[in-house]
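Text of upload03.pdb (PDB, N, CA and C atoms) as supplied:
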```pdb
ATOM      1  N   MET A   1     108.616 174.894 157.030  1.00  0.00           N
ATOM      2  CA  MET A   1     108.729 173.505 156.679  1.00  0.00           C
ATOM      3  C   MET A   1     108.286 172.588 157.811  1.00  0.00           C
ATOM      4  N   SER A   2     108.408 173.012 158.965  1.00  0.00           N
ATOM      5  CA  SER A   2     108.054 172.170 160.098  1.00  0.00           C
ATOM      6  C   SER A   2     106.560 171.880 160.173  1.00  0.00           C
ATOM      7  N   ASP A   3     105.736 172.678 159.533  1.00  0.00           N
ATOM      8  CA  ASP A   3     104.299 172.420 159.533  1.00  0.00           C
ATOM      9  C   ASP A   3     103.918 171.303 158.550  1.00  0.00           C
ATOM     10  N   ILE A   4     104.748 170.999 157.621  1.00  0.00           N
ATOM     11  CA  ILE A   4     104.405 170.028 156.581  1.00  0.00           C
ATOM     12  C   ILE A   4     105.169 168.713 156.764  1.00  0.00           C
ATOM     13  N   ASP A   5     106.090 168.641 157.649  1.00  0.00           N
ATOM     14  CA  ASP A   5     106.943 167.465 157.714  1.00  0.00           C
ATOM     15  C   ASP A   5     106.272 166.238 158.330  1.00  0.00           C
ATOM     16  N   LYS A   6     105.056 166.321 158.847  1.00  0.00           N
ATOM     17  CA  LYS A   6     104.361 165.162 159.389  1.00  0.00           C
ATOM     18  C   LYS A   6     103.165 164.839 158.494  1.00  0.00           C
ATOM     19  N   ILE A   7     103.127 163.590 158.030  1.00  0.00           N
ATOM     20  CA  ILE A   7     102.002 163.117 157.221  1.00  0.00           C
ATOM     21  C   ILE A   7     101.433 161.894 157.930  1.00  0.00           C
ATOM     22  N   SER A   8     100.162 161.879 158.114  1.00  0.00           N
ATOM     23  CA  SER A   8      99.546 160.700 158.727  1.00  0.00           C
ATOM     24  C   SER A   8      98.582 160.082 157.719  1.00  0.00           C
ATOM     25  N   LEU A   9      98.451 158.808 157.837  1.00  0.00           N
ATOM     26  CA  LEU A   9      97.582 158.071 156.934  1.00  0.00           C
ATOM     27  C   LEU A   9      96.606 157.272 157.783  1.00  0.00           C
ATOM     28  N   CYS A  10      95.353 157.415 157.533  1.00  0.00           N
ATOM     29  CA  CYS A  10      94.320 156.702 158.274  1.00  0.00           C
ATOM     30  C   CYS A  10      93.485 155.927 157.255  1.00  0.00           C
ATOM     31  N   VAL A  11      93.351 154.618 157.469  1.00  0.00           N
ATOM     32  CA  VAL A  11      92.602 153.780 156.553  1.00  0.00           C
ATOM     33  C   VAL A  11      91.477 153.112 157.336  1.00  0.00           C
ATOM     34  N   ASN A  12      90.288 153.219 156.804  1.00  0.00           N
ATOM     35  CA  ASN A  12      89.139 152.552 157.415  1.00  0.00           C
ATOM     36  C   ASN A  12      89.062 151.137 156.845  1.00  0.00           C
ATOM     37  N   THR A  13      89.320 150.140 157.672  1.00  0.00           N
ATOM     38  CA  THR A  13      89.338 148.743 157.220  1.00  0.00           C
ATOM     39  C   THR A  13      88.113 147.963 157.685  1.00  0.00           C
ATOM     40  N   SER A  14      87.129 148.627 158.214  1.00  0.00           N
ATOM     41  CA  SER A  14      85.962 147.908 158.759  1.00  0.00           C
ATOM     42  C   SER A  14      85.239 147.104 157.675  1.00  0.00           C
ATOM     43  N   GLU A  15      85.094 147.649 156.471  1.00  0.00           N
ATOM     44  CA  GLU A  15      84.431 146.913 155.385  1.00  0.00           C
ATOM     45  C   GLU A  15      85.272 145.715 154.943  1.00  0.00           C
ATOM     46  N   LEU A  16      86.557 145.891 154.935  1.00  0.00           N
ATOM     47  CA  LEU A  16      87.449 144.794 154.584  1.00  0.00           C
ATOM     48  C   LEU A  16      87.344 143.680 155.624  1.00  0.00           C
ATOM     49  N   GLU A  17      87.291 144.040 156.889  1.00  0.00           N
ATOM     50  CA  GLU A  17      87.164 143.053 157.953  1.00  0.00           C
ATOM     51  C   GLU A  17      85.826 142.314 157.851  1.00  0.00           C
ATOM     52  N   LYS A  18      84.753 143.012 157.537  1.00  0.00           N
ATOM     53  CA  LYS A  18      83.452 142.365 157.348  1.00  0.00           C
ATOM     54  C   LYS A  18      83.508 141.384 156.179  1.00  0.00           C
ATOM     55  N   GLY A  19      84.159 141.808 155.117  1.00  0.00           N
ATOM     56  CA  GLY A  19      84.304 140.934 153.949  1.00  0.00           C
ATOM     57  C   GLY A  19      85.096 139.681 154.277  1.00  0.00           C
ATOM     58  N   MET A  20      86.145 139.819 155.055  1.00  0.00           N
ATOM     59  CA  MET A  20      86.959 138.667 155.458  1.00  0.00           C
ATOM     60  C   MET A  20      86.146 137.713 156.330  1.00  0.00           C
ATOM     61  N   GLN A  21      85.321 138.255 157.215  1.00  0.00           N
ATOM     62  CA  GLN A  21      84.470 137.419 158.062  1.00  0.00           C
ATOM     63  C   GLN A  21      83.472 136.631 157.208  1.00  0.00           C
ATOM     64  N   GLU A  22      82.889 137.306 156.224  1.00  0.00           N
ATOM     65  CA  GLU A  22      81.945 136.626 155.329  1.00  0.00           C
ATOM     66  C   GLU A  22      82.635 135.535 154.524  1.00  0.00           C
ATOM     67  N   LEU A  23      83.853 135.809 154.072  1.00  0.00           N
ATOM     68  CA  LEU A  23      84.615 134.788 153.339  1.00  0.00           C
ATOM     69  C   LEU A  23      84.930 133.592 154.232  1.00  0.00           C
ATOM     70  N   ASP A  24      85.254 133.840 155.485  1.00  0.00           N
ATOM     71  CA  ASP A  24      85.510 132.747 156.430  1.00  0.00           C
ATOM     72  C   ASP A  24      84.255 131.889 156.623  1.00  0.00           C
ATOM     73  N   LYS A  25      83.102 132.542 156.753  1.00  0.00           N
ATOM     74  CA  LYS A  25      81.844 131.805 156.895  1.00  0.00           C
ATOM     75  C   LYS A  25      81.584 130.955 155.654  1.00  0.00           C
ATOM     76  N   PHE A  26      81.815 131.538 154.490  1.00  0.00           N
ATOM     77  CA  PHE A  26      81.603 130.826 153.237  1.00  0.00           C
ATOM     78  C   PHE A  26      82.545 129.631 153.124  1.00  0.00           C
ATOM     79  N   ARG A  27      83.802 129.819 153.502  1.00  0.00           N
ATOM     80  CA  ARG A  27      84.796 128.749 153.450  1.00  0.00           C
ATOM     81  C   ARG A  27      84.382 127.593 154.353  1.00  0.00           C
ATOM     82  N   LYS A  28      83.926 127.905 155.567  1.00  0.00           N
ATOM     83  CA  LYS A  28      83.499 126.855 156.494  1.00  0.00           C
ATOM     84  C   LYS A  28      82.283 126.103 155.946  1.00  0.00           C
ATOM     85  N   ALA A  29      81.350 126.838 155.378  1.00  0.00           N
ATOM     86  CA  ALA A  29      80.165 126.198 154.790  1.00  0.00           C
ATOM     87  C   ALA A  29      80.560 125.311 153.618  1.00  0.00           C
ATOM     88  N   ALA A  30      81.484 125.789 152.788  1.00  0.00           N
ATOM     89  CA  ALA A  30      81.930 125.013 151.628  1.00  0.00           C
ATOM     90  C   ALA A  30      82.642 123.743 152.075  1.00  0.00           C
ATOM     91  N   GLN A  31      83.459 123.852 153.120  1.00  0.00           N
ATOM     92  CA  GLN A  31      84.152 122.670 153.623  1.00  0.00           C
ATOM     93  C   GLN A  31      83.149 121.655 154.169  1.00  0.00           C
ATOM     94  N   GLY A  32      82.127 122.144 154.867  1.00  0.00           N
ATOM     95  CA  GLY A  32      81.097 121.244 155.381  1.00  0.00           C
ATOM     96  C   GLY A  32      80.356 120.557 154.249  1.00  0.00           C
ATOM     97  N   GLY A  33      80.049 121.322 153.205  1.00  0.00           N
ATOM     98  CA  GLY A  33      79.363 120.739 152.049  1.00  0.00           C
ATOM     99  C   GLY A  33      80.223 119.720 151.339  1.00  0.00           C
ATOM    100  N   ALA A  34      81.502 120.019 151.213  1.00  0.00           N
ATOM    101  CA  ALA A  34      82.419 119.079 150.557  1.00  0.00           C
ATOM    102  C   ALA A  34      82.528 117.795 151.371  1.00  0.00           C
ATOM    103  N   GLY A  35      82.590 117.938 152.692  1.00  0.00           N
ATOM    104  CA  GLY A  35      82.644 116.758 153.555  1.00  0.00           C
ATOM    105  C   GLY A  35      81.395 115.913 153.411  1.00  0.00           C
ATOM    106  N   SER A  36      80.250 116.566 153.362  1.00  0.00           N
ATOM    107  CA  SER A  36      78.986 115.844 153.195  1.00  0.00           C
ATOM    108  C   SER A  36      78.936 115.139 151.843  1.00  0.00           C
ATOM    109  N   ALA A  37      79.431 115.803 150.812  1.00  0.00           N
ATOM    110  CA  ALA A  37      79.452 115.191 149.477  1.00  0.00           C
ATOM    111  C   ALA A  37      80.367 113.967 149.467  1.00  0.00           C
ATOM    112  N   ASP A  38      81.506 114.054 150.144  1.00  0.00           N
ATOM    113  CA  ASP A  38      82.415 112.911 150.221  1.00  0.00           C
ATOM    114  C   ASP A  38      81.759 111.745 150.956  1.00  0.00           C
ATOM    115  N   GLU A  39      81.075 112.055 152.060  1.00  0.00           N
ATOM    116  CA  GLU A  39      80.392 111.004 152.810  1.00  0.00           C
ATOM    117  C   GLU A  39      79.305 110.353 151.968  1.00  0.00           C
ATOM    118  N   LEU A  40      78.559 111.157 151.228  1.00  0.00           N
ATOM    119  CA  LEU A  40      77.508 110.620 150.356  1.00  0.00           C
ATOM    120  C   LEU A  40      78.114 109.725 149.286  1.00  0.00           C
ATOM    121  N   SER A  41      79.206 110.169 148.695  1.00  0.00           N
ATOM    122  CA  SER A  41      79.864 109.383 147.655  1.00  0.00           C
ATOM    123  C   SER A  41      80.339 108.036 148.208  1.00  0.00           C
ATOM    124  N   GLN A  42      80.905 108.056 149.399  1.00  0.00           N
ATOM    125  CA  GLN A  42      81.359 106.807 150.025  1.00  0.00           C
ATOM    126  C   GLN A  42      80.178 105.895 150.325  1.00  0.00           C
ATOM    127  N   SER A  43      79.090 106.479 150.779  1.00  0.00           N
ATOM    128  CA  SER A  43      77.893 105.696 151.079  1.00  0.00           C
ATOM    129  C   SER A  43      77.322 105.056 149.819  1.00  0.00           C
ATOM    130  N   VAL A  44      77.296 105.808 148.733  1.00  0.00           N
ATOM    131  CA  VAL A  44      76.795 105.271 147.458  1.00  0.00           C
ATOM    132  C   VAL A  44      77.703 104.143 146.970  1.00  0.00           C
ATOM    133  N   ASP A  45      79.009 104.342 147.077  1.00  0.00           N
ATOM    134  CA  ASP A  45      79.949 103.290 146.668  1.00  0.00           C
ATOM    135  C   ASP A  45      79.736 102.020 147.484  1.00  0.00           C
ATOM    136  N   GLU A  46      79.548 102.181 148.797  1.00  0.00           N
ATOM    137  CA  GLU A  46      79.328 101.023 149.671  1.00  0.00           C
ATOM    138  C   GLU A  46      78.011 100.330 149.322  1.00  0.00           C
ATOM    139  N   THR A  47      76.985 101.105 149.019  1.00  0.00           N
ATOM    140  CA  THR A  47      75.695 100.532 148.633  1.00  0.00           C
ATOM    141  C   THR A  47      75.820  99.742 147.342  1.00  0.00           C
ATOM    142  N   HIS A  48      76.560 100.268 146.379  1.00  0.00           N
ATOM    143  CA  HIS A  48      76.787  99.555 145.109  1.00  0.00           C
ATOM    144  C   HIS A  48      77.541  98.258 145.355  1.00  0.00           C
ATOM    145  N   ARG A  49      78.542  98.313 146.221  1.00  0.00           N
ATOM    146  CA  ARG A  49      79.331  97.110 146.518  1.00  0.00           C
ATOM    147  C   ARG A  49      78.440  96.042 147.155  1.00  0.00           C
ATOM    148  N   ARG A  50      77.609  96.457 148.109  1.00  0.00           N
ATOM    149  CA  ARG A  50      76.732  95.498 148.786  1.00  0.00           C
ATOM    150  C   ARG A  50      75.665  94.945 147.840  1.00  0.00           C
ATOM    151  N   ALA A  51      75.137  95.790 146.972  1.00  0.00           N
ATOM    152  CA  ALA A  51      74.138  95.336 146.003  1.00  0.00           C
ATOM    153  C   ALA A  51      74.748  94.302 145.058  1.00  0.00           C
ATOM    154  N   GLU A  52      75.981  94.535 144.625  1.00  0.00           N
ATOM    155  CA  GLU A  52      76.661  93.586 143.739  1.00  0.00           C
ATOM    156  C   GLU A  52      76.908  92.265 144.467  1.00  0.00           C
ATOM    157  N   GLU A  53      77.286  92.350 145.733  1.00  0.00           N
ATOM    158  CA  GLU A  53      77.497  91.139 146.529  1.00  0.00           C
ATOM    159  C   GLU A  53      76.183  90.359 146.680  1.00  0.00           C
ATOM    160  N   LEU A  54      75.095  91.064 146.938  1.00  0.00           N
ATOM    161  CA  LEU A  54      73.791  90.426 147.065  1.00  0.00           C
ATOM    162  C   LEU A  54      73.363  89.791 145.736  1.00  0.00           C
ATOM    163  N   ARG A  55      73.599  90.493 144.616  1.00  0.00           N
ATOM    164  CA  ARG A  55      73.258  89.949 143.307  1.00  0.00           C
ATOM    165  C   ARG A  55      74.000  88.637 143.064  1.00  0.00           C
ATOM    166  N   LYS A  56      75.277  88.609 143.427  1.00  0.00           N
ATOM    167  CA  LYS A  56      76.069  87.391 143.238  1.00  0.00           C
ATOM    168  C   LYS A  56      75.527  86.256 144.104  1.00  0.00           C
ATOM    169  N   ARG A  57      75.193  86.564 145.349  1.00  0.00           N
ATOM    170  CA  ARG A  57      74.648  85.530 146.224  1.00  0.00           C
ATOM    171  C   ARG A  57      73.325  84.979 145.690  1.00  0.00           C
ATOM    172  N   LEU A  58      72.475  85.868 145.198  1.00  0.00           N
ATOM    173  CA  LEU A  58      71.194  85.426 144.635  1.00  0.00           C
ATOM    174  C   LEU A  58      71.400  84.556 143.401  1.00  0.00           C
ATOM    175  N   THR A  59      72.346  84.945 142.559  1.00  0.00           N
ATOM    176  CA  THR A  59      72.658  84.155 141.364  1.00  0.00           C
ATOM    177  C   THR A  59      73.166  82.775 141.764  1.00  0.00           C
ATOM    178  N   ASP A  60      74.067  82.730 142.756  1.00  0.00           N
ATOM    179  CA  ASP A  60      74.599  81.449 143.233  1.00  0.00           C
ATOM    180  C   ASP A  60      73.486  80.587 143.825  1.00  0.00           C
ATOM    181  N   SER A  61      72.590  81.204 144.576  1.00  0.00           N
ATOM    182  CA  SER A  61      71.478  80.480 145.184  1.00  0.00           C
ATOM    183  C   SER A  61      70.533  79.931 144.115  1.00  0.00           C
ATOM    184  N   GLU A  62      70.245  80.745 143.121  1.00  0.00           N
ATOM    185  CA  GLU A  62      69.379  80.304 142.027  1.00  0.00           C
ATOM    186  C   GLU A  62      69.998  79.122 141.289  1.00  0.00           C
ATOM    187  N   SER A  63      71.299  79.217 141.046  1.00  0.00           N
ATOM    188  CA  SER A  63      71.999  78.135 140.352  1.00  0.00           C
ATOM    189  C   SER A  63      71.957  76.849 141.171  1.00  0.00           C
ATOM    190  N   ALA A  64      72.180  76.953 142.476  1.00  0.00           N
ATOM    191  CA  ALA A  64      72.143  75.771 143.347  1.00  0.00           C
ATOM    192  C   ALA A  64      70.745  75.176 143.392  1.00  0.00           C
ATOM    193  N   THR A  65      69.723  76.026 143.422  1.00  0.00           N
ATOM    194  CA  THR A  65      68.336  75.549 143.438  1.00  0.00           C
ATOM    195  C   THR A  65      68.013  74.798 142.153  1.00  0.00           C
ATOM    196  N   LYS A  66      68.457  75.305 141.022  1.00  0.00           N
ATOM    197  CA  LYS A  66      68.225  74.628 139.741  1.00  0.00           C
ATOM    198  C   LYS A  66      68.922  73.275 139.705  1.00  0.00           C
ATOM    199  N   LYS A  67      70.150  73.219 140.222  1.00  0.00           N
ATOM    200  CA  LYS A  67      70.880  71.948 140.244  1.00  0.00           C
ATOM    201  C   LYS A  67      70.149  70.929 141.111  1.00  0.00           C
ATOM    202  N   MET A  68      69.653  71.369 142.266  1.00  0.00           N
ATOM    203  CA  MET A  68      68.924  70.462 143.151  1.00  0.00           C
ATOM    204  C   MET A  68      67.642  69.983 142.492  1.00  0.00           C
ATOM    205  N   SER A  69      66.984  70.865 141.758  1.00  0.00           N
ATOM    206  CA  SER A  69      65.752  70.492 141.067  1.00  0.00           C
ATOM    207  C   SER A  69      66.022  69.435 140.006  1.00  0.00           C
ATOM    208  N   VAL A  70      67.104  69.608 139.267  1.00  0.00           N
ATOM    209  CA  VAL A  70      67.472  68.628 138.237  1.00  0.00           C
ATOM    210  C   VAL A  70      67.809  67.292 138.887  1.00  0.00           C
ATOM    211  N   LEU A  71      68.551  67.330 139.978  1.00  0.00           N
ATOM    212  CA  LEU A  71      68.897  66.084 140.666  1.00  0.00           C
ATOM    213  C   LEU A  71      67.645  65.380 141.181  1.00  0.00           C
ATOM    214  N   ARG A  72      66.720  66.150 141.723  1.00  0.00           N
ATOM    215  CA  ARG A  72      65.487  65.566 142.279  1.00  0.00           C
ATOM    216  C   ARG A  72      64.646  64.915 141.184  1.00  0.00           C
ATOM    217  N   THR A  73      64.538  65.580 140.045  1.00  0.00           N
ATOM    218  CA  THR A  73      63.715  65.008 138.966  1.00  0.00           C
ATOM    219  C   THR A  73      64.390  63.800 138.325  1.00  0.00           C
ATOM    220  N   ASN A  74      65.686  63.671 138.452  1.00  0.00           N
ATOM    221  CA  ASN A  74      66.401  62.535 137.865  1.00  0.00           C
ATOM    222  C   ASN A  74      66.497  61.347 138.813  1.00  0.00           C
ATOM    223  N   TRP A  75      66.109  61.512 140.077  1.00  0.00           N
ATOM    224  CA  TRP A  75      66.152  60.399 141.024  1.00  0.00           C
ATOM    225  C   TRP A  75      65.039  59.410 140.707  1.00  0.00           C
ATOM    226  N   HIS A  76      65.292  58.233 141.078  1.00  0.00           N
ATOM    227  CA  HIS A  76      64.278  57.192 140.880  1.00  0.00           C
ATOM    228  C   HIS A  76      63.121  57.438 141.860  1.00  0.00           C
ATOM    229  N   PRO A  77      61.885  57.271 141.420  1.00  0.00           N
ATOM    230  CA  PRO A  77      60.721  57.567 142.246  1.00  0.00           C
ATOM    231  C   PRO A  77      60.669  56.849 143.582  1.00  0.00           C
ATOM    232  N   ARG A  78      61.226  55.630 143.658  1.00  0.00           N
ATOM    233  CA  ARG A  78      61.136  54.877 144.927  1.00  0.00           C
ATOM    234  C   ARG A  78      61.986  55.537 146.011  1.00  0.00           C
ATOM    235  N   PHE A  79      62.988  56.400 145.641  1.00  0.00           N
ATOM    236  CA  PHE A  79      63.804  57.111 146.625  1.00  0.00           C
ATOM    237  C   PHE A  79      63.177  58.397 147.103  1.00  0.00           C
ATOM    238  N   LEU A  80      62.198  58.892 146.369  1.00  0.00           N
ATOM    239  CA  LEU A  80      61.601  60.186 146.687  1.00  0.00           C
ATOM    240  C   LEU A  80      60.588  60.112 147.832  1.00  0.00           C
ATOM    241  N   ASN A  81      59.958  58.963 148.013  1.00  0.00           N
ATOM    242  CA  ASN A  81      58.871  58.857 148.994  1.00  0.00           C
ATOM    243  C   ASN A  81      59.305  58.175 150.277  1.00  0.00           C
ATOM    244  N   ARG A  82      60.418  58.361 150.728  1.00  0.00           N
ATOM    245  CA  ARG A  82      60.878  57.743 151.978  1.00  0.00           C
ATOM    246  C   ARG A  82      60.513  58.556 153.156  1.00  0.00           C
TER
END
```
As structure tokens, the full file:
Amino acid sequence: MSDIDKISLCVNTSELEKGMQELDKFRKAAQGGAGSADELSQSVDETHRRAEELRKRLTDSESATKKMSVLRTNWHPRFLNR
């Protein structure tokens, strides 16, 4: 019985370790990609906000220009040539 009472178990984990390393690389790449996507999304949102602000300013400017044009055409001619 003394010849059988010792059992040893040896497991080769080198492939598992390689797989874990590859998963870590993939995770880091995915996190970098997600960060880049978030930055792009924020940049697009900011661009939309600025474009809307510019559109409003242009509309306001156009409206003011039209009002000035109407006022100018309604003035008496003797006031225009000073």
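Put simply, CA of Gln21 (chain A) is 28.7 Å away from CA of Leu40 (chain A).
Put simply, atom C of Lys66 (chain A) is 28.8 Å away from atom N of His48 (chain A).
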Taking all atoms of region 56-63 of chain A that the file lists, what box with edges along x, y and z, padded by 4 Å per side, do you get, with centre and edge lengths in Å to one decimal, as lines of an AutoDock Vina configuration file?
```
center_x = 72.7
center_y = 82.7
center_z = 143.3
size_x = 14.7
size_y = 19.8
size_z = 13.9
```
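Taking atom N of Thr13 (chain A) and atom C of Lys28 (chain A) as the two end points, the separation is 25.1 Å.
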